[in-house]
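Scroll down for the structure; my scribbles are underneath it.
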Amino acid sequence: MTSTVFSFFKVIALCFVLLTVSCNNAKQKKVSDVEIKGIDLPERPNILWLVTEDMSAYLPSFGDSTIVTPNLSRLAKEGVIYPNLYSTSGVCAPSRAAITTGMYPSSIGANHMRTTSFTEVTGLPAYGAVPPPEVKMISELLRKEGYYCTNNYKTDYQFKHPVTAWDESGPYAHWRNRSNNQPFFSVVNFTETHESGLFEPYGHRYIEQRHYRLGDRSFKWKEGRMSEEETPKHLKKDTKFNIPPYLPKTEVVQRDMWKMYNNIAEMDSQVGAVLKQLEDDGLLENTIIFFYGDHGGPMPRQKRLIYDSGLKTPMIVRFPNQINAGTKDDRLLSFVDFAPTLLSLIKTEPHDYMQGQAFLGEYSAKNKREYIYAAADRFDGFTDAIRAVRNNRFKYIRNYRPEQGYYLPIDYRENIPTMQELLNLRDAGELDSVQSLWFGNKKPMEELYDCKVDPHEINNLAENPEYAEILNELSNELDNWINNIGDQPNLPESELLKQLWNGKNVQPITLVPTVDINESSVSIACNTEGASIGYKIIKSNKKEPVEWQVYTGPFELQDNSTLKVQAHRIGFKQSDIVVVNK
């Protein structure tokens with residue numbers, strides 16, 4: 001980013017800081033509590049997702065005035081804030097599976113983090129989640145409706161995505177590559193806020209500078225990270241932070257908090273660059289913009305856990321022409337609601353297999369969501385089994401391995417200096433009673449928290465008779481959810497894999513598609529139930545296109561053309577590519 005732009009943001013920051021600190025509470029009181037239902041939207045709106053990683057509500061628009069975020073604050077001022085969005089898991093890949101399918105990860109074999117790694121520990125082959133055959137990625141469903149779909153650039157869905165998933169996926173993917181007047185669904189990922197951004201030596205990732213020149217294929221970046229000296233500084237290092245009670249108030253933790261907020265501020269700057277491109281293209285008022293995180297925050301006892309610190313993430317939605325600008329929607333929302341909501345926004349009825357409900361658009365659910373649900377299983381080389389349900393006030397957690405402590409010695413997390421600090425203080429006996437809770441040798445079978453008065457979920461009310469009624473209600477609700485989605489908590493992963501692969505020891509393979517060409521058209525079929533079919537047409541003396549088209553029915557093929565076809569059911573291996581010359 002140029003020095004001029006940095007100077008601009010510094011000026012903005014100076015202007016905002018006094019206002020934000022002194023007026024934040026007043027602003028929150030003035031925000032209207034509304035439910036966005038039948039709003040007047042364009043017939044075929046563009047949809048832009050701005051997705052950051054490892055993000056709790058560390059933003060001024062959500063009550064945290066530690067830093068200024070001029071771009072996200074503008075988005076919130078012109079849009080609607082959603083303070084009660086919950087991931088289905090405290091970690092990214094299972095959450096992404098929920099987002100893209102509209103199904104709970106624990107119902108499709110997607111909840112172990114990850115299904116493709118740590119095979120030397122599990123003793124299992126790499127595998128992918130296997131949802132029911134009718135399930136398609138939401139981007140493929142939108143492509144079938146005529147949308148140009150791009151992903152920049154993270155995938156990691158707990159299964160290999162079919163070639164039909166995206167028109168373009170990669171660090172240069174951009175809505176600008178679509179056909180004239182074609183509506184788009186574009187996902188832009190921001191990784192600066194990932195927990196790895198807290199590792200030492202500290203520095204921002206060079207690849208994230210692509211946001212300042214998004215889609216520019218002439219722009220190249222170095223591998224790895226900047227030095228700390230190169231890295232932009234968005235707030236003073238001696239800033240004093242509001243450290244949550246489960247973390248110690250030490251200089252090490254203060255430094256990690258500084259890194260975390262500095263990363264968020266840089267992400268905000270990158271968001272601003274992407275929004276400027278949208279505005280420069282004249283598309284701002286025909287685009288629904290979503291900003292959200294892939295789960296809660298990056299610090300220890302946040303990411304991977306199913307306390308609110310690991311599940312709850314802020315969301316802002318800006319509608320065309322600033323519909324309902326400056327308002328707040330307090331409804332409970334889950335990541336499984338995203339897929340049906342996208343279909344609803346383009347006036348397409350959500351599919352019956354989807355386990356979430358639309359919260360916007362023509363097919364918005366008539367009834368509010370009363371509960372959100374979450375699950376935790378294996379993380380890297382360590383397995384637990386936890387399920388949770390939450391209403392608008394209380395969280396109920398059931399531990400299926402109470403004999404096992406909360407803390408899992410995950411190597412990756414232990415690169416965070418705060419994690420190292422916690423372990424050192426634990427070993428020295430210097431953690432207080434709250435900070436020591438995470439390191440107990442066992443867990444209670446049940447936990448119950450009043451999240452309104454105890455937002456950090458410290459005081460377990462499960463054995464308090466005054467709360468027996470709400471505990472029973474939530475326990476029964478958790479049972480209902482587990483039964484409804486076919487979850488099997490604490491099922492050995494080897495048994496899960498047998499179920500996914502129908503008792504076989506090898507991953508099922510999508511059958512090779514058949515191609516029928518007559519004089520006027522081409523028809524393609526695949527005998528694997530639920531397989532997506534993609535194809536490319538390479539015209540005579542022309543370069544092979546990058547994108548695969550989604551097969552929806554017979555089409556014409558010119559003479560002297562080459563046709564490539566591949567079929568792929570999610571969770572299966574993709575078929576071989578069929579090549580036909582005409």
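Residue names in the structure tokens use chain letters A, B, ... in the order shown, residue numbers from 1 in each chain, and ligand numbers from 1 in the order shown.
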Nearby residues (only C-alpha atoms) at most 10 Å from Tyr202 in chain A, same-chain spacing under 3 positions excluded, as a list in words: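 Counting only the stated atoms, we get Ser196, Gly197, Leu198, Phe199, Arg205, Arg225, Met226, Ser227, Glu228, Glu229, Thr231, Asp256 and Lys259 of chain A.
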Keeping only C-alpha atoms, write the selected residues as a tab-separated table (two decimals), in the first residue's frame.
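Writing done, so here's selection.tsv:
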```
chain	number	residue	atom	x	y	z
A	196	SER	CA	-0.63	-17.84	12.79
A	197	GLY	CA	-0.45	-14.04	12.64
A	198	LEU	CA	0.44	-14.18	16.35
A	199	PHE	CA	3.48	-16.41	15.84
A	205	ARG	CA	1.88	-12.12	4.96
A	225	ARG	CA	5.99	-12.90	5.81
A	226	MET	CA	7.32	-9.38	6.17
A	227	SER	CA	9.71	-8.56	8.95
A	228	GLU	CA	8.20	-6.76	11.91
A	229	GLU	CA	9.98	-3.61	10.75
A	231	THR	CA	4.85	-4.57	8.80
A	256	ASP	CA	-0.12	-10.88	21.38
A	259	LYS	CA	-0.53	-8.21	17.20
```
Can you tell me, as a PDB file with N, CA, C and O atoms, in the first residue's frame, what residues are no more than 9 Å from Ile458 in chain A when counting only C-alpha atoms, ignoring any on the same chain fewer than 3 positions away?
```pdb
ATOM      1  N   PRO A 245     -10.552 -12.710  31.253  1.00  0.00           N
ATOM      2  CA  PRO A 245     -10.100 -13.250  32.548  1.00  0.00           C
ATOM      3  C   PRO A 245      -9.432 -14.611  32.449  1.00  0.00           C
ATOM      4  O   PRO A 245      -8.699 -14.988  33.371  1.00  0.00           O
ATOM      5  N   TYR A 246      -9.640 -15.347  31.354  1.00  0.00           N
ATOM      6  CA  TYR A 246      -9.018 -16.669  31.238  1.00  0.00           C
ATOM      7  C   TYR A 246      -7.585 -16.595  30.721  1.00  0.00           C
ATOM      8  O   TYR A 246      -6.925 -17.619  30.569  1.00  0.00           O
ATOM      9  N   VAL A 434      -9.499 -18.957  37.662  1.00  0.00           N
ATOM     10  CA  VAL A 434     -10.210 -18.883  36.375  1.00  0.00           C
ATOM     11  C   VAL A 434      -9.308 -19.387  35.251  1.00  0.00           C
ATOM     12  O   VAL A 434      -9.713 -20.184  34.405  1.00  0.00           O
ATOM     13  N   LEU A 437      -8.902 -23.224  35.003  1.00  0.00           N
ATOM     14  CA  LEU A 437     -10.033 -24.081  34.656  1.00  0.00           C
ATOM     15  C   LEU A 437      -9.766 -24.905  33.400  1.00  0.00           C
ATOM     16  O   LEU A 437     -10.127 -26.083  33.331  1.00  0.00           O
ATOM     17  N   TYR A 449     -24.201 -22.208  31.171  1.00  0.00           N
ATOM     18  CA  TYR A 449     -23.738 -20.843  31.412  1.00  0.00           C
ATOM     19  C   TYR A 449     -24.831 -19.834  31.075  1.00  0.00           C
ATOM     20  O   TYR A 449     -25.551 -19.995  30.080  1.00  0.00           O
ATOM     21  N   ASP A 454     -22.471 -13.847  32.287  1.00  0.00           N
ATOM     22  CA  ASP A 454     -21.176 -14.535  32.315  1.00  0.00           C
ATOM     23  C   ASP A 454     -20.711 -14.788  30.872  1.00  0.00           C
ATOM     24  O   ASP A 454     -20.639 -15.925  30.423  1.00  0.00           O
ATOM     25  N   PRO A 455     -20.387 -13.716  30.138  1.00  0.00           N
ATOM     26  CA  PRO A 455     -20.079 -13.881  28.710  1.00  0.00           C
ATOM     27  C   PRO A 455     -18.837 -14.724  28.427  1.00  0.00           C
ATOM     28  O   PRO A 455     -18.697 -15.259  27.327  1.00  0.00           O
TER      29      PRO A 455
END
```
One number please: CA of Gly310 in chain A to CA of Phe159 in chain A, in Å, one decimal.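 According to the coordinates, CA of Gly310 in chain A and CA of Phe159 in chain A are separated by 22.7 Å.
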Residue neighbourhood range 118-131 of chain A, 9 Å, only C-alpha atoms, exclusion window fewer than 6 positions, as an NGL selection string: :A and (97 or 101 or 103 or 105 or 107-111 or 157-160 or 380-382 or 493-494 or 497 or 500-501 or 505-507 or 569-572)
With only C-alpha atoms as the atoms that count, which of A:Glu473, A:Glu547, A:Asp330, A:Asp377 lies nearest to Val389 in chain A?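 Under the stated criterion, the closest residue is A:Glu473.
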Spatial neighbours of Phe62 in chain A, 9 Å, only C-alpha atoms, chain gap at least 3 places, as a PyMOL selection string: chain A and resi 28+57-59+65+81-83+314
Give me every strand (DSSP E) residue in range 46-295 of chain A, going by DSSP on the backbone, as number ranges by chain. A: 46-52, 80-86, 148-152, 168-169, 184-190, 287-293
Write out as an NGL selection string the residues lying within 7 Å of Ile138 in chain A, counting only C-alpha atoms and excluding same-chain residues fewer than 4 positions away. :A and (100-101 or 142 or 339)
Applying 9 Å and only C-alpha atoms, which residues near Tyr148 in chain A remain after dropping the ones on its own chain fewer than 5 positions away? List them as a list in words.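 Counting only the stated atoms, we get Ser139, Leu142, Arg143, Trp166, Asp167, Glu168, Trp175, Asn177, Arg178, Ser179, Gln182, Pro183, Phe184, Phe185 and Ser186 of chain A.
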Write the residues of the selection above to a file with C-alpha atoms, as a short mmCIF file (atom, residue, chain, number, x, y, z; two decimals), in the first residue's frame.
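Just written: out_7.cif:
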```
data_model
loop_
_atom_site.label_atom_id
_atom_site.label_comp_id
_atom_site.auth_asym_id
_atom_site.auth_seq_id
_atom_site.Cartn_x
_atom_site.Cartn_y
_atom_site.Cartn_z
CA SER A 139 -21.58 -21.86 -5.44
CA LEU A 142 -25.70 -20.32 -7.94
CA ARG A 143 -23.78 -21.11 -11.14
CA TRP A 166 -16.38 -22.16 -9.15
CA ASP A 167 -15.94 -20.27 -12.37
CA GLU A 168 -12.63 -19.16 -10.91
CA TRP A 175 -15.84 -10.65 -10.42
CA ASN A 177 -13.74 -11.67 -15.30
CA ARG A 178 -17.43 -12.41 -15.79
CA SER A 179 -19.52 -11.84 -18.91
CA GLN A 182 -23.77 -11.34 -15.52
CA PRO A 183 -24.60 -11.34 -11.78
CA PHE A 184 -21.81 -12.56 -9.53
CA PHE A 185 -21.21 -14.28 -6.22
CA SER A 186 -17.66 -13.54 -5.10
#
```
From the options A:Leu283, A:Ala173, A:Leu471, A:Leu311, which residue's atoms come nearest to Asn152 in chain A, counting only C-alpha atoms?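 Of the candidates, the smallest distance to Asn152 in chain A is held by A:Ala173.
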Figure out the distance between CA of Thr155 in chain A and CA of Arg304 in chain A, please, to one decimal in Å. 18.7 Å
Determine the nearest neighbour of Gly486 in chain A from the options A:Thr150, A:Gln355, A:Asn560, A:Asn415, counting only C-alpha atoms. A:Gln355
Out of A:Leu75, A:Leu496, A:Val68, A:Lys144, which residue has the shortest atom-to-atom distance to Thr348 in chain A when counting only C-alpha atoms?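 Ranked by minimum distance to Thr348 in chain A, first place goes to A:Lys144.
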Out of A:Lys233, A:Arg96, A:Lys368, A:His295, which residue has the shortest atom-to-atom distance to Lys154 in chain A when counting only C-alpha atoms?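 That would be A:Arg96, the residue with the smallest distance to Lys154 in chain A.
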The residue from A:Glu477, A:Glu230, A:Asp337, A:Asp487 with the smallest atom-to-atom distance to Tyr371 in chain A, counting only C-alpha atoms, is A:Glu477
